[in-house]
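Below is coords-v1.tsv, which holds TSV, C-alpha atoms.
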```tsv
chain	number	residue	atom	x	y	z
V	14	MET	CA	0.00	0.00	0.00
V	15	THR	CA	1.52	3.33	-1.02
V	16	SER	CA	1.25	6.47	1.10
V	17	GLU	CA	-1.17	7.85	-1.55
V	18	THR	CA	-3.67	5.03	-0.94
V	19	LEU	CA	-3.41	5.16	2.87
V	20	ALA	CA	-6.16	6.94	4.79
V	21	LYS	CA	-5.18	10.10	6.66
V	22	THR	CA	-6.39	11.37	10.02
V	23	PRO	CA	-7.50	15.02	10.42
V	24	LEU	CA	-4.08	15.73	12.01
V	25	HIS	CA	-2.01	14.35	9.12
V	26	ALA	CA	-0.69	17.74	7.96
V	27	LEU	CA	0.21	18.64	11.56
V	28	HIS	CA	2.23	15.42	11.96
V	29	LEU	CA	4.24	16.28	8.85
V	30	GLU	CA	4.76	19.85	10.08
V	31	LEU	CA	6.05	18.45	13.40
V	32	GLY	CA	8.60	16.29	11.56
V	33	ALA	CA	6.97	12.92	12.28
V	34	ARG	CA	8.25	9.75	10.67
V	35	MET	CA	5.11	8.25	9.12
V	36	VAL	CA	4.35	4.54	8.72
V	37	PRO	CA	1.38	2.52	7.44
V	38	PHE	CA	-0.78	1.32	10.34
V	39	ALA	CA	-4.26	-0.25	10.05
V	40	GLY	CA	-4.66	1.31	6.61
V	41	TYR	CA	-3.66	4.81	7.82
V	42	ASP	CA	-0.54	6.91	7.38
V	43	MET	CA	0.40	7.34	11.06
V	44	PRO	CA	3.25	8.95	13.03
V	45	VAL	CA	5.52	6.30	14.58
V	46	GLN	CA	7.79	8.92	16.17
V	47	TYR	CA	8.72	12.60	16.15
V	48	PRO	CA	12.23	14.16	16.22
V	49	LEU	CA	12.30	13.64	20.02
V	50	GLY	CA	12.54	9.86	19.43
V	51	VAL	CA	10.64	6.93	20.90
V	52	MET	CA	12.66	6.68	24.12
V	53	LYS	CA	12.28	10.35	25.07
V	54	GLU	CA	8.63	10.42	23.98
V	55	HIS	CA	7.93	7.43	26.25
V	56	LEU	CA	9.67	8.98	29.27
V	57	HIS	CA	8.05	12.38	28.62
V	58	THR	CA	4.60	10.74	28.81
V	59	ARG	CA	5.50	9.06	32.11
V	60	GLU	CA	6.82	12.35	33.56
V	61	ALA	CA	4.58	15.06	32.07
V	62	ALA	CA	1.96	14.75	29.30
V	63	GLY	CA	1.94	13.25	25.82
V	64	LEU	CA	-0.55	13.93	23.02
V	65	PHE	CA	-1.42	10.97	20.78
V	66	ASP	CA	-3.45	11.03	17.58
V	67	VAL	CA	-5.70	7.95	17.77
V	68	SER	CA	-8.23	9.16	15.19
V	69	HIS	CA	-7.77	5.92	13.23
V	70	MET	CA	-9.84	4.17	15.92
V	71	GLY	CA	-13.52	3.62	15.15
V	72	GLN	CA	-16.25	5.52	16.99
V	73	ILE	CA	-19.82	4.20	16.88
V	74	ILE	CA	-23.02	5.35	18.61
V	75	LEU	CA	-25.90	3.01	19.50
V	76	ARG	CA	-29.31	4.54	20.26
V	77	GLY	CA	-32.60	3.22	21.51
V	78	PRO	CA	-34.30	1.81	24.64
V	79	ASN	CA	-32.97	-1.68	23.81
V	80	ALA	CA	-29.42	-0.63	22.91
V	81	ALA	CA	-27.81	-1.83	26.16
V	82	LYS	CA	-29.61	-5.18	26.09
V	83	ALA	CA	-28.76	-5.63	22.41
V	84	LEU	CA	-25.05	-4.90	22.90
V	85	GLU	CA	-24.98	-7.18	25.94
V	86	SER	CA	-25.91	-10.09	23.66
V	87	LEU	CA	-22.54	-9.67	21.89
V	88	VAL	CA	-20.16	-9.09	24.83
V	89	PRO	CA	-19.47	-10.89	28.17
V	90	VAL	CA	-19.87	-7.58	30.01
V	91	ASP	CA	-22.56	-5.89	32.10
V	92	ILE	CA	-23.89	-3.13	29.83
V	93	ILE	CA	-27.46	-2.96	31.17
V	94	ASP	CA	-26.29	-1.71	34.59
V	95	LEU	CA	-23.46	0.49	33.27
V	96	PRO	CA	-24.08	3.83	35.03
V	97	VAL	CA	-24.64	6.98	32.99
V	98	GLY	CA	-21.35	8.82	32.64
V	99	MET	CA	-19.18	5.71	32.97
V	100	GLN	CA	-17.40	3.52	30.46
V	101	ARG	CA	-16.33	-0.12	30.55
V	102	TYR	CA	-13.87	-2.36	28.73
V	103	ALA	CA	-15.56	-5.04	26.62
V	104	MET	CA	-14.84	-7.71	24.02
V	105	PHE	CA	-16.82	-9.00	21.07
V	106	THR	CA	-16.69	-12.82	21.19
V	107	ASP	CA	-17.49	-15.36	18.48
V	108	GLU	CA	-19.33	-18.71	18.75
V	109	GLN	CA	-16.07	-20.41	19.82
V	110	GLY	CA	-15.61	-17.87	22.64
V	111	CYS	CA	-12.67	-16.26	20.83
V	112	ILE	CA	-12.10	-12.50	20.69
V	113	LEU	CA	-13.25	-10.63	17.56
V	114	ASP	CA	-12.12	-7.26	18.96
V	115	ASP	CA	-11.85	-5.37	22.22
V	116	LEU	CA	-13.58	-2.04	22.74
V	117	MET	CA	-14.67	0.65	25.18
V	118	VAL	CA	-18.38	1.23	25.85
V	119	ALA	CA	-19.69	4.41	27.50
V	120	ASN	CA	-23.21	5.21	28.66
V	121	LEU	CA	-24.15	8.73	27.52
V	122	GLY	CA	-27.65	8.53	29.04
V	123	ASP	CA	-30.86	8.99	27.02
V	124	ASP	CA	-30.59	5.37	25.81
V	125	THR	CA	-27.33	6.18	24.02
V	126	LEU	CA	-24.09	4.18	24.09
V	127	PHE	CA	-20.75	5.37	22.69
V	128	LEU	CA	-18.29	2.73	21.44
V	129	VAL	CA	-14.59	3.01	20.55
V	130	VAL	CA	-13.25	0.03	18.59
V	131	ASN	CA	-9.85	-0.81	17.12
V	132	ALA	CA	-8.78	0.73	13.82
V	133	GLY	CA	-8.04	-2.54	12.05
V	134	CYS	CA	-11.41	-4.04	13.05
V	135	LYS	CA	-13.75	-1.05	12.82
V	136	HIS	CA	-15.42	-1.91	9.50
V	137	GLN	CA	-15.97	-5.56	10.43
V	138	ASP	CA	-17.17	-4.49	13.92
V	139	LEU	CA	-19.70	-2.17	12.31
V	140	MET	CA	-20.89	-5.00	10.03
V	141	HIS	CA	-21.07	-7.34	13.05
V	142	LEU	CA	-23.27	-4.85	14.93
V	143	GLN	CA	-25.46	-4.24	11.88
V	144	LEU	CA	-25.88	-7.95	11.24
V	145	GLN	CA	-26.61	-8.90	14.84
V	146	ILE	CA	-28.51	-6.03	16.48
V	147	ALA	CA	-29.64	-3.50	13.81
V	148	SER	CA	-33.27	-4.59	14.38
V	149	GLN	CA	-32.98	-3.68	18.07
V	150	CYS	CA	-31.31	-0.25	18.02
V	151	GLN	CA	-29.95	2.50	15.77
V	152	ILE	CA	-26.28	2.10	14.80
V	153	GLU	CA	-24.45	5.27	13.79
V	154	PRO	CA	-20.81	5.07	12.67
V	155	CYS	CA	-18.91	8.25	13.59
V	156	PHE	CA	-15.74	7.35	11.68
V	157	ASP	CA	-15.33	11.00	10.66
V	158	ARG	CA	-14.70	12.10	14.27
V	159	ALA	CA	-11.15	12.57	15.51
V	160	LEU	CA	-9.83	11.05	18.74
V	161	LEU	CA	-6.96	12.50	20.78
V	162	ALA	CA	-5.34	10.92	23.83
V	163	LEU	CA	-3.69	13.20	26.39
V	164	GLN	CA	-1.74	10.93	28.73
V	165	GLY	CA	0.56	11.38	31.70
V	166	PRO	CA	0.60	12.74	35.26
V	167	LYS	CA	0.28	16.36	34.08
V	168	ALA	CA	-2.58	15.70	31.63
V	169	VAL	CA	-5.10	16.82	34.27
V	170	ASP	CA	-3.38	20.20	34.74
V	171	VAL	CA	-3.32	20.80	30.99
V	172	LEU	CA	-6.90	19.82	30.16
V	173	ALA	CA	-8.32	21.55	33.27
V	174	ARG	CA	-7.06	24.87	31.85
V	175	LEU	CA	-9.57	24.41	29.02
V	176	ALA	CA	-12.34	22.81	31.10
V	177	PRO	CA	-11.90	22.87	34.91
V	178	GLU	CA	-14.57	20.19	35.43
V	179	VAL	CA	-12.34	17.44	33.98
V	180	ALA	CA	-10.19	17.56	37.15
V	181	LYS	CA	-13.12	16.08	39.12
V	182	MET	CA	-13.52	13.11	36.75
V	183	THR	CA	-12.20	9.73	37.94
V	184	PHE	CA	-10.87	6.72	36.06
V	185	MET	CA	-13.37	5.46	33.44
V	186	GLN	CA	-15.73	8.40	33.80
V	187	PHE	CA	-17.08	9.76	30.52
V	188	ALA	CA	-18.70	13.15	29.91
V	189	PRO	CA	-19.71	15.67	27.24
V	190	VAL	CA	-17.28	18.58	27.65
V	191	ARG	CA	-16.94	21.86	25.75
V	192	LEU	CA	-13.34	22.48	24.70
V	193	LEU	CA	-12.49	25.76	22.92
V	194	GLY	CA	-16.23	26.26	22.34
V	195	VAL	CA	-16.69	22.85	20.69
V	196	ASP	CA	-18.80	19.96	22.01
V	197	CYS	CA	-16.53	16.96	22.69
V	198	PHE	CA	-16.73	13.68	24.56
V	199	VAL	CA	-14.03	13.17	27.20
V	200	SER	CA	-13.17	10.00	29.12
V	201	ARG	CA	-10.59	9.75	31.89
V	202	SER	CA	-8.80	6.69	30.57
V	203	GLY	CA	-6.16	5.66	28.09
V	204	TYR	CA	-3.73	3.06	26.88
V	205	THR	CA	-0.52	3.95	28.70
V	206	GLY	CA	-1.11	2.94	32.33
V	207	GLU	CA	-0.92	6.64	33.22
V	208	ASP	CA	-3.66	9.03	34.27
V	209	GLY	CA	-5.04	10.89	31.29
V	210	TYR	CA	-7.92	11.53	28.94
V	211	GLU	CA	-9.27	10.51	25.58
V	212	ILE	CA	-11.06	13.26	23.67
V	213	SER	CA	-13.53	12.65	20.83
V	214	VAL	CA	-13.73	15.85	18.76
V	215	PRO	CA	-15.37	16.74	15.42
V	216	ALA	CA	-12.75	16.32	12.69
V	217	ASP	CA	-12.79	19.96	11.58
V	218	HIS	CA	-11.86	21.11	15.10
V	219	ALA	CA	-9.21	18.47	15.80
V	220	GLU	CA	-6.20	20.43	14.60
V	221	THR	CA	-7.14	23.58	16.55
V	222	LEU	CA	-7.53	21.54	19.73
V	223	ALA	CA	-4.30	19.60	19.12
V	224	ARG	CA	-2.31	22.83	18.52
V	225	SER	CA	-3.79	24.36	21.67
V	226	LEU	CA	-2.76	21.34	23.77
V	227	LEU	CA	0.71	21.16	22.19
V	228	ALA	CA	1.23	24.84	23.02
V	229	GLU	CA	1.12	23.97	26.74
V	230	PRO	CA	4.64	23.56	28.20
V	231	GLU	CA	3.97	20.08	29.63
V	232	VAL	CA	2.79	18.54	26.34
V	233	ALA	CA	4.78	16.80	23.61
V	234	ALA	CA	3.52	15.00	20.50
V	235	ILE	CA	3.93	11.22	20.89
V	236	GLY	CA	3.91	8.58	18.15
V	237	LEU	CA	2.84	4.95	17.84
V	238	GLY	CA	6.29	3.68	18.85
V	239	ALA	CA	6.07	5.07	22.38
V	240	ARG	CA	2.35	4.21	22.55
V	241	ASP	CA	3.36	0.58	22.06
V	242	SER	CA	6.17	0.59	24.64
V	243	LEU	CA	3.94	2.41	27.18
V	244	ARG	CA	1.07	-0.06	26.84
V	245	LEU	CA	3.49	-2.99	26.98
V	246	GLU	CA	4.98	-1.76	30.28
V	247	ALA	CA	1.40	-1.35	31.54
V	248	GLY	CA	0.66	-4.99	30.61
V	249	LEU	CA	-2.16	-3.98	28.25
V	250	CYS	CA	-3.13	-6.22	25.33
V	251	LEU	CA	-2.91	-5.17	21.69
V	252	TYR	CA	-5.59	-6.73	19.51
V	253	GLY	CA	-4.19	-8.92	16.74
V	254	HIS	CA	-1.08	-9.60	18.82
V	255	ASP	CA	-1.87	-10.48	22.46
V	256	MET	CA	-5.40	-11.64	21.64
V	257	SER	CA	-7.22	-12.56	18.45
V	258	THR	CA	-9.84	-14.84	16.91
V	259	SER	CA	-7.67	-17.76	18.03
V	260	THR	CA	-7.69	-16.81	21.75
V	261	THR	CA	-10.46	-16.71	24.34
V	262	PRO	CA	-10.65	-14.22	27.24
V	263	ILE	CA	-9.53	-17.03	29.62
V	264	GLU	CA	-6.46	-17.85	27.52
V	265	ALA	CA	-5.71	-14.12	27.21
V	266	SER	CA	-5.82	-13.73	31.05
V	267	LEU	CA	-8.80	-11.38	30.72
V	268	LEU	CA	-11.19	-13.10	33.14
V	269	TRP	CA	-11.31	-9.80	35.07
V	270	ALA	CA	-13.03	-8.25	32.04
V	271	ILE	CA	-15.94	-10.70	32.18
V	272	SER	CA	-18.49	-9.02	34.45
V	273	LYS	CA	-19.48	-11.09	37.49
V	274	THR	CA	-23.14	-10.81	36.60
V	275	ARG	CA	-22.44	-12.46	33.20
V	276	ARG	CA	-20.33	-15.35	34.55
V	277	ALA	CA	-21.64	-18.90	35.00
V	278	ASP	CA	-22.94	-18.15	38.50
V	279	GLY	CA	-24.09	-14.59	37.77
V	280	ALA	CA	-27.59	-13.09	37.65
V	281	ARG	CA	-27.46	-12.79	33.83
V	282	ALA	CA	-25.13	-15.70	33.15
V	283	GLY	CA	-24.12	-16.29	29.55
V	284	GLY	CA	-26.21	-14.99	26.70
V	285	PHE	CA	-23.15	-13.97	24.67
V	286	PRO	CA	-21.41	-15.88	21.85
V	287	GLY	CA	-19.16	-18.71	23.02
V	288	ALA	CA	-20.28	-18.48	26.67
V	289	GLU	CA	-20.35	-22.25	27.16
V	290	ARG	CA	-16.75	-22.71	26.01
V	291	ILE	CA	-15.54	-19.76	28.09
V	292	PHE	CA	-17.30	-21.09	31.22
V	293	ALA	CA	-15.85	-24.57	30.62
V	294	GLN	CA	-12.35	-23.12	30.30
V	295	GLN	CA	-12.81	-21.08	33.45
V	296	GLN	CA	-13.71	-24.26	35.33
V	297	GLN	CA	-11.31	-26.73	33.73
V	298	GLY	CA	-8.38	-24.48	32.84
V	299	VAL	CA	-6.66	-23.97	29.48
V	300	ALA	CA	-3.61	-25.46	27.78
V	301	ASN	CA	-1.92	-22.10	27.14
V	302	LYS	CA	-2.19	-18.71	28.81
V	303	ARG	CA	-0.89	-15.17	28.36
V	304	VAL	CA	1.78	-14.14	30.86
V	305	GLY	CA	4.23	-11.31	31.43
V	306	LEU	CA	7.87	-12.10	30.59
V	307	LEU	CA	11.05	-10.39	31.77
V	308	PRO	CA	14.12	-11.25	29.66
V	309	GLN	CA	17.12	-11.67	31.98
V	310	GLU	CA	19.60	-10.29	29.43
V	311	ARG	CA	19.56	-6.94	27.67
V	312	VAL	CA	18.30	-8.53	24.48
V	313	PRO	CA	14.96	-7.35	23.09
V	314	VAL	CA	12.68	-10.34	22.56
V	315	ARG	CA	10.23	-9.64	19.74
V	316	GLU	CA	6.78	-10.86	18.77
V	317	GLY	CA	6.86	-14.32	17.19
V	318	ALA	CA	9.92	-15.59	19.08
V	319	GLU	CA	9.52	-19.19	20.20
V	320	ILE	CA	9.51	-19.86	23.95
V	321	VAL	CA	11.20	-23.10	25.10
V	322	ASP	CA	11.66	-24.94	28.38
V	323	ALA	CA	14.95	-26.09	29.97
V	324	ASP	CA	15.06	-29.10	27.63
V	325	GLY	CA	14.52	-27.01	24.50
V	326	ASN	CA	10.90	-28.09	23.97
V	327	VAL	CA	8.73	-25.38	22.41
V	328	ILE	CA	6.16	-24.34	25.02
V	329	GLY	CA	4.82	-21.10	23.55
V	330	SER	CA	5.55	-17.89	21.68
V	331	VAL	CA	5.99	-14.18	22.34
V	332	SER	CA	2.95	-12.04	21.43
V	333	SER	CA	4.46	-8.59	22.18
V	334	GLY	CA	7.99	-7.58	23.09
V	335	GLY	CA	10.40	-4.70	23.11
V	336	PHE	CA	12.42	-2.40	25.30
V	337	GLY	CA	10.76	-0.83	28.36
V	338	PRO	CA	12.30	2.66	28.75
V	339	THR	CA	10.86	3.18	32.25
V	340	LEU	CA	12.32	-0.13	33.43
V	341	ALA	CA	15.48	0.39	31.33
V	342	ALA	CA	15.13	-3.29	30.41
V	343	PRO	CA	13.42	-5.48	27.82
V	344	VAL	CA	9.85	-6.63	28.50
V	345	ALA	CA	7.51	-9.04	26.73
V	346	MET	CA	4.21	-10.88	26.92
V	347	GLY	CA	3.44	-14.24	25.43
V	348	TYR	CA	1.48	-17.47	25.55
V	349	VAL	CA	3.02	-20.43	27.38
V	350	GLN	CA	1.80	-23.86	28.40
V	351	SER	CA	-0.11	-23.71	31.69
V	352	SER	CA	2.57	-25.82	33.41
V	353	HIS	CA	4.91	-22.80	33.10
V	354	ILE	CA	2.66	-19.86	34.05
V	355	ALA	CA	3.64	-19.53	37.73
V	356	VAL	CA	5.42	-16.25	38.53
V	357	ASP	CA	9.23	-16.63	38.43
V	358	SER	CA	9.03	-19.76	36.23
V	359	GLU	CA	12.18	-19.94	34.09
V	360	VAL	CA	11.66	-20.10	30.34
V	361	TRP	CA	13.80	-19.16	27.34
V	362	ALA	CA	13.14	-17.21	24.14
V	363	MET	CA	14.83	-18.22	20.91
V	364	VAL	CA	16.41	-15.09	19.40
V	365	ARG	CA	18.46	-15.66	16.24
V	366	GLY	CA	19.17	-19.23	17.25
V	367	LYS	CA	20.28	-18.34	20.79
V	368	ARG	CA	18.42	-19.02	24.04
V	369	VAL	CA	17.62	-15.86	26.02
V	370	PRO	CA	16.61	-16.64	29.64
V	371	MET	CA	13.31	-15.12	30.80
V	372	LYS	CA	11.22	-15.17	33.95
V	373	VAL	CA	7.43	-15.25	34.02
V	374	ALA	CA	6.35	-12.03	35.75
V	375	LYS	CA	3.22	-10.30	36.99
V	376	THR	CA	1.85	-7.48	34.89
V	377	PRO	CA	1.78	-4.52	34.85
V	378	PHE	CA	5.57	-4.21	34.74
V	379	VAL	CA	5.23	-0.52	35.67
V	380	PRO	CA	2.56	0.37	38.29
V	381	GLN	CA	-0.59	1.84	36.73
V	382	ARG	CA	-1.39	5.34	37.92
V	383	TYR	CA	-5.05	5.80	37.04
V	384	TYR	CA	-6.86	8.47	39.02
V	385	ARG	CA	-9.55	6.82	41.13
V	386	GLY	CA	-10.37	9.84	43.30
```

What is this structure when it is put down as structure tokens?
Amino acid sequence: MTSETLAKTPLHALHLELGARMVPFAGYDMPVQYPLGVMKEHLHTREAAGLFDVSHMGQIILRGPNAAKALESLVPVDIIDLPVGMQRYAMFTDEQGCILDDLMVANLGDDTLFLVVNAGCKHQDLMHLQLQIASQCQIEPCFDRALLALQGPKAVDVLARLAPEVAKMTFMQFAPVRLLGVDCFVSRSGYTGEDGYEISVPADHAETLARSLLAEPEVAAIGLGARDSLRLEAGLCLYGHDMSTSTTPIEASLLWAISKTRRADGARAGGFPGAERIFAQQQQGVANKRVGLLPQERVPVREGAEIVDADGNVIGSVSSGGFGPTLAAPVAMGYVQSSHIAVDSEVWAMVRGKRVPMKVAKTPFVPQRYYRG
């Protein structure tokens, strides 16, 4: 795919002006890094505030008195009792209990739900919704809206200068907020493990808002490279890598994301695709599971590397890996046989024919700093 055929976000010209190195990502021409470089961008986000363009993500609105019930038939998550002004992490599952995509769902009130889905899955997610629940609620794609993520410990100071009320929001709260005279949707969440916000803004106002935020002394533009290393340190899954249509939520260590009310012993047990298989796995266990991995040498272990045991038997593979700038050490996640998932288990990654020792570790690798009030 040439850069001419790639889609562009509303901030594309700004990225070029800022000297970004652009790469193809999910069909879009996206900034992987700016002149600051991935390492400094990562550390700047941990110390101050980073601005990410995530407008390639898909935004979808569901409307109607049955919208929550309809969506609940597609995800193992409590949507019916999701309070107004809150959002929740969810997953679309298929009939085998595997993950079609992961998404955020917010309750706007007035029988309206706001969804953010992954860029690479947004068209198939929209088709999935239309096929499954279009008879039960209105489905409105908002793919022309921009999405900005302002992440880091100083994000609250920066955004509160434009809208003081955002300082009172807590983790996973979601609210309509006017920024620079424009109606936006703001959630206090993100994909870095840091405190911060995600801002849905009409496309024609995105650049003005981005320039205003970048003009604040705490804020730097951050690319996809640092976004990936930040989320990896935070132990957060990337769809298509750490989970996919060949993994279930149990295998992906995402049991926490299955609402208690939807579990086998819950008040609204099941009722989502693949529930029986997921419940069976929860009870009986699985052959392979996602774990955190800490390489014991300063060798980056990349996605796809085979994981072996002490005898050289292949017991899994790395799903995400790289260097963790905050830890100043390599970090990874991967799937290993359940006999090796205990914390501190010794395993090895095969990197260019050499065995790199690794230890199974708890995630997150870097403590999450969400603001819970």

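In this structure, atom CA of V:Asp170 sits 13.6 Å away from atom CA of V:Leu64.
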
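Taking atom CA of V:Val214 and atom CA of V:Ala62 as endpoints, the distance between them is 18.9 Å.
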
Got a sec: who's within 9 Å of V:Val299, counting all atoms listed in the file, leaving out chain neighbours fewer than 3 positions off, as a ChimeraX atom specification?
-> /V:263-264,294-295,302,350-351

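Among the candidates V:Arg59, V:Arg385, V:Arg365, V:Arg34, the residue lying nearest to V:Thr183 is V:Arg385 (atoms considered: all atoms listed in the file).
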
Contact residues around V:Val130 with all atoms listed in the file at 9 Å, ignoring same-chain residues under 6 positions, as a PDB file with C-alpha atoms, in the coordinates of the input:
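File written: part-v3.pdb
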```
ATOM      1  CA  MET V  70      -9.840   4.170  15.920  1.00  0.00           C
ATOM      2  CA  GLY V  71     -13.520   3.620  15.150  1.00  0.00           C
ATOM      3  CA  GLN V  72     -16.250   5.520  16.990  1.00  0.00           C
ATOM      4  CA  ILE V  73     -19.820   4.200  16.880  1.00  0.00           C
ATOM      5  CA  ASP V 114     -12.120  -7.260  18.960  1.00  0.00           C
ATOM      6  CA  ASP V 115     -11.850  -5.370  22.220  1.00  0.00           C
ATOM      7  CA  LEU V 116     -13.580  -2.040  22.740  1.00  0.00           C
ATOM      8  CA  MET V 117     -14.670   0.650  25.180  1.00  0.00           C
ATOM      9  CA  VAL V 118     -18.380   1.230  25.850  1.00  0.00           C
ATOM     10  CA  ASP V 138     -17.170  -4.490  13.920  1.00  0.00           C
TER      11      ASP V 138
END
```

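The nearest approach to V:Tyr47 among the residues V:Val232, V:Ala342, V:Leu237, V:Val314, with all atoms listed in the file taken into account, belongs to V:Leu237.
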
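When all atoms listed in the file are used to compute distances to V:His254, the closest of the residues V:Asp241, V:Glu229, V:Asp208, V:Asp196 turns out to be V:Asp241.
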
Fewer than 6 positions away in the same chain doesn't count, so skip those; otherwise give me all residues within 9 Å of V:Val379, counting all atoms listed in the file, as a compact mmCIF listing (two decimals) with C-alpha atoms, keeping the file's coordinate frame.
```txt
# COMPACT_ATOMS: atom_id res chain seq x y z
CA GLY V 206 -1.11 2.94 32.33
CA GLU V 246 4.98 -1.76 30.28
CA ALA V 247 1.40 -1.35 31.54
CA GLY V 248 0.66 -4.99 30.61
CA THR V 339 10.86 3.18 32.25
CA LEU V 340 12.32 -0.13 33.43
```

So that each row is one residue of stretch 247-319 of chain V with an atom at most 12 Å from stretch 79-82 of chain V, can you give its shortest atom pair and the distance in Å to one decimal, using all atoms listed in the file, rows by chain and rising number, as CSV?
```
residue,atom,partner,partner_atom,distance
V:Arg281,CA,V:Lys82,CA,11.1
V:Gly284,CA,V:Lys82,CA,10.4
V:Phe285,CA,V:Lys82,CA,11.0
```

Separation of atom CA of V:Phe38 from atom CA of V:Ala265, in Å and rounded to one decimal = 23.4 Å

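Proximity to V:Met52 at 8 Å, evaluated using only C-alpha atoms and with sequence-adjacent residues fewer than 3 positions away removed, yields His55, Leu56, Ala239 and Pro338 of chain V.
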
Starting from 5 Å padding per side, set up an axis-aligned box that covers all listed atoms of stretch 170-188 of chain V and hand over centre and edge lengths in Å, one decimal, as JSON.
```
{"center_x": -11.0, "center_y": 15.2, "center_z": 34.1, "size_x": 25.4, "size_y": 29.4, "size_z": 20.1}
```
